[in-house]
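Working notes for the structure below.
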Amino acid sequence: MRIKRALAITKRIFRGLRHDRRTVALILLAPILAMTLFGIAFSGEVEDVDVIVVDHDSGDLSERIISNLDDKTLNIRFMDSEQNAVKKVEDGNAWAVFVFPEDFSQNIATKNAVIHLRADKSNVNVASAIAVTLREAMTETLTQAGGEMPISVSESPVYGENAEFIDFFVPGIMAFAIFLLTTLLTLLAFVGERTSGTLERLKASPMRDGEIVLGYVIAFGIIGMVQASLLLIIATVGFNVTIEGNPFLAYIIVALLALVSVNLGILLSAAAKREAQAVQFLPMIILPTFLLAGIFWPVEAIPSFLRWASFAIPPTYGVEAMRSVMVRGWGLGEIWMELVILLAFALVFMILSVKSLQRGKG
Amino acid sequence: MEEGLAVETRELVKKYGNFTAVDHLNLKIDRGVTYGLLGPNGSGKTTTIKVLCDLLKPTGGEAFLLGKKVGDNSIAPRIGYMPQETALYLDLSIHDNICLFGEVYGMNRAEIDSAEKNLLEFVDLTKWRNTPVSNLSGGMRHRTSLACSMIHNPELLFMDEPTVGVDPELRASFWEYFETLGKRGATVVITTHYMDEAHRCGKIGMMRQGKLITEGSPQDIIQSTGCGSLEDAFLELARRGGHHAD
Ligand SMILES: Nc1ncnc2c1ncn2[C@@H]1O[C@H](COP(=O)(O)OP(=O)(O)O)[C@@H](O)[C@H]1O
Ligand SMILES: [Mg+2]
């Protein structure tokens with residue numbers, strides 16, 4: 001093993017980028033775009049839901065509740081006819097109708113006051129936002145009236161005191177972007193090596209298979225670090241994400257993920273004879289990662305019969321470790337298990353990828 | 001292994017599945033010779049070269065280069081290989097391609113620079129040095145490929161169809177260069193299916209269906225068959241050997 005020969009491969013990958021604007025753009029813009037788009041789209045709050053209030057209440061309780069409805073979540077319109085209001089929902093022009101009956105205020109004394117909710121529950125997120133908003137307004141109104149709830153929750157968060165959805169999501173998208181882009185770039189570059197014949201030229205030289213792999217690992221490890229830095233800058237500057245833990249640990253996770261991904265890319269390239277075939281592998285990498293790695297929803301939300309699949313893919317550990325460092329502020333002492341598992345994946349993939357280079361000799 | 005031989009194969013066999021591409025090949029190539037491995041498409045030339053360069057494992061038999069058994073780590077630094085495909089990094093310039101292969105062979109900057117200067121002059125690409133290979137014509141890529149396989153001044157050079165798609169003028173200059181290499185003591189093994197250019201080789205081996213059907217200097221082969229050209233000699237030998245091959 002000569003590090004100098006491996007570095008010759010690393011250098012040629014970077015030299016190639018000088019003339020390849022498309023790939024440079026992919027390396028730099030893809031993470032930025034992904035972070036920005038997802039960051040804006042998944043801000044996590046449902047807002048501006050059109051609802052209609054039909055207020056027949058002869059007393060003032062309904063008005064107090066209505067004034068407590070969160071007007072950021074709901075766009076409230078008033079109508080007189082329940083029938084016409086429901087028609088709006090049926091036509092898809094509103095999500096829900098709140099109907100306060102004439103005797104609403106009176107009935108509160110007999111604890112029999114009922115708000116009729118006629119909602120379009122076809123979108124669960126919207127439906128639950130409506131229900132939650134309404135319940136909050138009711139509780140608020142009760143409190144103002146001096147009617148304390150007998151049970152209350154006093155919160156003092158252990159982790160994530162100021163965490164919003166974006167804080168949960170940034171570590172996930174980071175691990176995802178690094179894993180996906182590194183695998184993709186290595187796959188394409190290596191299919192090129194195989195089809196153009198440059199791989200054979202290298203193999204006829206004193207270059208060892210392990211040195212070729214190492215050269216790729218170093219190059220794409222560096223590229224991964226650059227991408228991670230970009231992502232962290234956008235997250236902290238653009239979206240006010242705070243990194244609770246040591247950013248240096250985040251880079252270690254990125255490096256391990258890149259190591260896994262490079263070798264996965266080389267492995268896949270052995271199965272793809274042409275660039276077009278390589279691209280067909282993409283959904284096979286993107287989908288499971290997207291769905292199972294715990295980027296958008298927790299691994300706990302995946303049905304238990306499928307959960308083993310989450311634990312069988314490397315990015316799950318990258319996401320988990322990254323999130324622990326960035327949101328919980330955990331250190332090496334707490335995330336070492338994820339790091340060890342990632343390293344194990346990396347070593348196994350590396351052995352297999354070097355083997356895949358030796359195969360094909362026939 | 002006989003002293004002085006650059007290449008020796010003993011009953012070398014290479015099969016792809018059930019198909020025998022190289023069939024009990026016995027080659028002996030002396031050092032300093034320009035050796036032409038001739039044969040029509042599919043006769044097993046590329047397969048032979050790849051086995052010799054340790055890119056394919058032989059199914060049977062043995063092969064030796066420069067006195068060492070193929071697979072020995074000390075061989076690779078001493079040989080050069082120009083594949084049949086262009087096998088260059090298209091997004092790199094000529095200079096960057098040459099640098100890469102120089103570095104791969106452990107050369108330092110000064111060594112690469114001086115070797116590159118001479119090679120580029122010879123293949124007439126000096127003024128294209130910094131152009132990406134993707135912007136070059138087929139002939140220029142071929143010449144770049146030649147330069148890359150020779151940057152480390154190998155003792156033994158394998159070139160697989162180096163003159164395919166190269167215009168006649170350049171082809172003549174290639175052959176002149178191969179002869180100078182031979183005079184410097186390097187052994188050059190060239191495959192070609194152009195019989196007409198093979199008379200410039202010191203020695204020729206004719207392959208057909210994975211077998212060597214004759215070997216010798218171009219003059220000897222022409223004389224022994226009584227034919228007017230190597231092309232006719234090949235056809236004549238193929239006819240004579242045909243009864244068991246077809
Ligand atoms: N990887 C392979 N798998 C199966 N058959 C092959 C393979 N490579 C070459 N062949 C077959 O082996 C024969 C010899 O091929 P090759 O060595 O490339 O011949 P040449 O270089 O003389 O044209 C041909 O019939 C070719 O089709
Ligand atoms: Mg061939």
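A note on labels: chains of the structure tokens are A, B, ... as shown, every chain counts residues from 1, and ligands are counted from 1 in their shown order.
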
**OP:** Compute the set of protein, DNA and RNA residues whose minimum atom distance to ligand 1 is at most 7 Å, using only C-alpha atoms and all ligand atoms, and state it as a PyMOL selection string.
**Re:** chain B and resi 16+19+21+39-48

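Near chain A, within 7 Å and counting only C-alpha atoms, the residues of chain B are Cys53, Asp54, Leu55, Leu56, Lys57, Ala76, Pro77, Tyr81, Glu85, Ala87, Leu88, Asp91, Leu92, Leu100, Glu103, Val104 and Tyr105 of chain B.
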
Subject >> Residue list (alpha helix (DSSP H), DSSP) for range 67-150 of chain B, as a ChimeraX atom specification >> reply: /B:94-104,109-122,138-150

Output for the residues just chosen: N, CA, C and O atoms as a compact mmCIF listing (two decimals), in the first residue's frame:
# COMPACT_ATOMS: atom_id res chain seq x y z
N ILE B 94 -4.45 16.53 -21.58
CA ILE B 94 -3.39 15.58 -21.93
C ILE B 94 -2.36 15.54 -20.81
O ILE B 94 -1.98 14.48 -20.31
N HIS B 95 -1.94 16.73 -20.39
CA HIS B 95 -0.93 16.84 -19.34
C HIS B 95 -1.37 16.13 -18.06
O HIS B 95 -0.60 15.38 -17.46
N ASP B 96 -2.63 16.35 -17.65
CA ASP B 96 -3.11 15.74 -16.40
C ASP B 96 -3.18 14.22 -16.52
O ASP B 96 -2.90 13.50 -15.55
N ASN B 97 -3.58 13.71 -17.69
CA ASN B 97 -3.59 12.27 -17.90
C ASN B 97 -2.18 11.70 -17.76
O ASN B 97 -1.95 10.71 -17.06
N ILE B 98 -1.23 12.37 -18.42
CA ILE B 98 0.15 11.89 -18.37
C ILE B 98 0.70 11.96 -16.95
O ILE B 98 1.34 11.02 -16.46
N CYS B 99 0.41 13.06 -16.25
CA CYS B 99 0.85 13.20 -14.86
C CYS B 99 0.34 12.07 -14.00
O CYS B 99 1.07 11.48 -13.20
N LEU B 100 -0.97 11.77 -14.15
CA LEU B 100 -1.56 10.72 -13.34
C LEU B 100 -0.78 9.43 -13.51
O LEU B 100 -0.36 8.81 -12.53
N PHE B 101 -0.56 9.02 -14.77
CA PHE B 101 0.09 7.74 -14.95
C PHE B 101 1.56 7.79 -14.53
O PHE B 101 2.09 6.82 -14.00
N GLY B 102 2.20 8.96 -14.69
CA GLY B 102 3.55 9.12 -14.16
C GLY B 102 3.57 8.90 -12.65
O GLY B 102 4.40 8.16 -12.12
N GLU B 103 2.62 9.53 -11.95
CA GLU B 103 2.55 9.40 -10.48
C GLU B 103 2.25 7.98 -10.06
O GLU B 103 2.77 7.47 -9.07
N VAL B 104 1.38 7.34 -10.85
CA VAL B 104 1.01 5.96 -10.55
C VAL B 104 2.25 5.06 -10.60
O VAL B 104 2.38 4.11 -9.82
N ARG B 109 8.05 14.81 -9.98
CA ARG B 109 7.67 15.89 -10.90
C ARG B 109 8.68 16.08 -12.03
O ARG B 109 8.33 16.14 -13.21
N ALA B 110 9.97 16.16 -11.68
CA ALA B 110 11.00 16.43 -12.69
C ALA B 110 11.06 15.30 -13.72
O ALA B 110 11.16 15.56 -14.92
N GLU B 111 10.96 14.07 -13.22
CA GLU B 111 11.00 12.93 -14.15
C GLU B 111 9.81 12.96 -15.11
O GLU B 111 9.95 12.73 -16.31
N ILE B 112 8.64 13.26 -14.54
CA ILE B 112 7.44 13.32 -15.39
C ILE B 112 7.60 14.42 -16.43
O ILE B 112 7.35 14.22 -17.62
N ASP B 113 8.03 15.60 -15.98
CA ASP B 113 8.14 16.74 -16.89
C ASP B 113 9.04 16.44 -18.08
O ASP B 113 8.69 16.73 -19.22
N SER B 114 10.21 15.85 -17.80
CA SER B 114 11.13 15.64 -18.93
C SER B 114 10.62 14.53 -19.84
O SER B 114 10.70 14.64 -21.07
N ALA B 115 10.07 13.47 -19.25
CA ALA B 115 9.54 12.39 -20.10
C ALA B 115 8.36 12.90 -20.92
O ALA B 115 8.22 12.58 -22.11
N GLU B 116 7.51 13.72 -20.29
CA GLU B 116 6.33 14.23 -20.99
C GLU B 116 6.74 15.10 -22.18
O GLU B 116 6.16 14.99 -23.27
N LYS B 117 7.78 15.92 -21.95
CA LYS B 117 8.22 16.84 -23.01
C LYS B 117 8.63 16.05 -24.26
O LYS B 117 8.18 16.34 -25.38
N ASN B 118 9.44 15.02 -24.04
CA ASN B 118 9.90 14.21 -25.18
C ASN B 118 8.75 13.49 -25.87
O ASN B 118 8.65 13.48 -27.09
N LEU B 119 7.88 12.89 -25.06
CA LEU B 119 6.78 12.12 -25.63
C LEU B 119 5.82 13.00 -26.43
O LEU B 119 5.40 12.65 -27.53
N LEU B 120 5.48 14.16 -25.87
CA LEU B 120 4.54 15.03 -26.56
C LEU B 120 5.14 15.54 -27.87
O LEU B 120 4.44 15.71 -28.86
N GLU B 121 6.45 15.78 -27.86
CA GLU B 121 7.09 16.18 -29.12
C GLU B 121 6.95 15.08 -30.14
O GLU B 121 6.58 15.31 -31.29
N PHE B 122 7.23 13.87 -29.70
CA PHE B 122 7.15 12.75 -30.63
C PHE B 122 5.74 12.57 -31.18
O PHE B 122 5.53 12.43 -32.37
N GLY B 138 -10.09 11.69 -32.58
CA GLY B 138 -9.78 10.29 -32.29
C GLY B 138 -8.29 9.99 -32.40
O GLY B 138 -7.71 9.34 -31.52
N GLY B 139 -7.66 10.48 -33.46
CA GLY B 139 -6.24 10.23 -33.66
C GLY B 139 -5.40 10.84 -32.55
O GLY B 139 -4.45 10.22 -32.06
N MET B 140 -5.79 12.04 -32.12
CA MET B 140 -5.03 12.70 -31.06
C MET B 140 -5.18 11.94 -29.74
O MET B 140 -4.23 11.84 -28.96
N ARG B 141 -6.39 11.42 -29.50
CA ARG B 141 -6.60 10.64 -28.28
C ARG B 141 -5.71 9.39 -28.30
O ARG B 141 -5.12 9.01 -27.29
N HIS B 142 -5.63 8.78 -29.48
CA HIS B 142 -4.80 7.59 -29.62
C HIS B 142 -3.35 7.89 -29.29
O HIS B 142 -2.68 7.14 -28.60
N ARG B 143 -2.88 9.03 -29.78
CA ARG B 143 -1.49 9.41 -29.51
C ARG B 143 -1.29 9.72 -28.04
O ARG B 143 -0.25 9.42 -27.46
N THR B 144 -2.32 10.34 -27.41
CA THR B 144 -2.23 10.60 -25.97
C THR B 144 -2.14 9.29 -25.20
O THR B 144 -1.34 9.13 -24.27
N SER B 145 -2.97 8.33 -25.64
CA SER B 145 -2.97 7.02 -24.98
C SER B 145 -1.60 6.38 -25.07
O SER B 145 -1.08 5.81 -24.10
N LEU B 146 -0.98 6.49 -26.25
CA LEU B 146 0.37 5.94 -26.44
C LEU B 146 1.34 6.59 -25.45
O LEU B 146 2.10 5.91 -24.76
N ALA B 147 1.26 7.93 -25.37
CA ALA B 147 2.16 8.65 -24.46
C ALA B 147 1.96 8.19 -23.02
O ALA B 147 2.93 7.99 -22.28
N CYS B 148 0.70 8.00 -22.62
CA CYS B 148 0.42 7.58 -21.23
C CYS B 148 1.00 6.21 -20.92
O CYS B 148 1.45 5.96 -19.80
N SER B 149 0.99 5.32 -21.90
CA SER B 149 1.47 3.96 -21.60
C SER B 149 3.00 3.90 -21.61
O SER B 149 3.58 2.88 -21.24
N MET B 150 3.66 4.99 -22.05
CA MET B 150 5.12 4.96 -22.14
C MET B 150 5.81 5.93 -21.20
O MET B 150 7.03 6.00 -21.19

Original post:
So which residues touch range 131-142 of chain A within 7 Å, counting only C-alpha atoms, skipping near sequence neighbours fewer than 2 positions away, as a PyMOL selection string?
Top reply: chain A and resi 64-65+68-70+127-129+144-148

Put those residues in a file: C-alpha atoms, as a tab-separated table (two decimals), in the first residue's frame.
chain	number	residue	atom	x	y	z
A	64	ARG	CA	-64.80	34.49	23.47
A	65	ILE	CA	-63.82	31.13	22.03
A	68	ASN	CA	-59.04	32.75	21.14
A	69	LEU	CA	-58.73	30.77	17.87
A	70	ASP	CA	-55.17	31.01	16.55
A	127	ALA	CA	-57.76	17.97	10.28
A	128	SER	CA	-55.60	17.55	13.34
A	129	ALA	CA	-54.40	21.17	13.17
A	144	GLN	CA	-59.75	33.15	31.32
A	145	ALA	CA	-63.11	32.46	32.91
A	146	GLY	CA	-61.33	31.19	36.00
A	147	GLY	CA	-62.29	27.59	35.32
A	148	GLU	CA	-58.93	25.96	35.92

**OP:** Just give me the gap between CA of Val327 in chain A and CA of Pro171 in chain A in Å, one decimal is fine.
**Re:**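 Answer for the CA of Val327 in chain A to CA of Pro171 in chain A separation: 8.4 Å.
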
**OP:** Please provide as a list in words all residues within 6 Å of Ser93 in chain B, with the sequence filter that same-chain residues fewer than 4 positions apart are discarded (counting only C-alpha atoms).
**Re:**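 Answer for this query is Asn130, Thr131, Pro132 and Val133 of chain B.
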
Subject >> Every residue of range 18-218 of chain B that DSSP places in strand (DSSP E or B), as a ChimeraX atom specification >> reply: /B:19-25,28-30,34-38,60-65,68-69,79-82,93,132,156-160,187-192,203-208,211-216
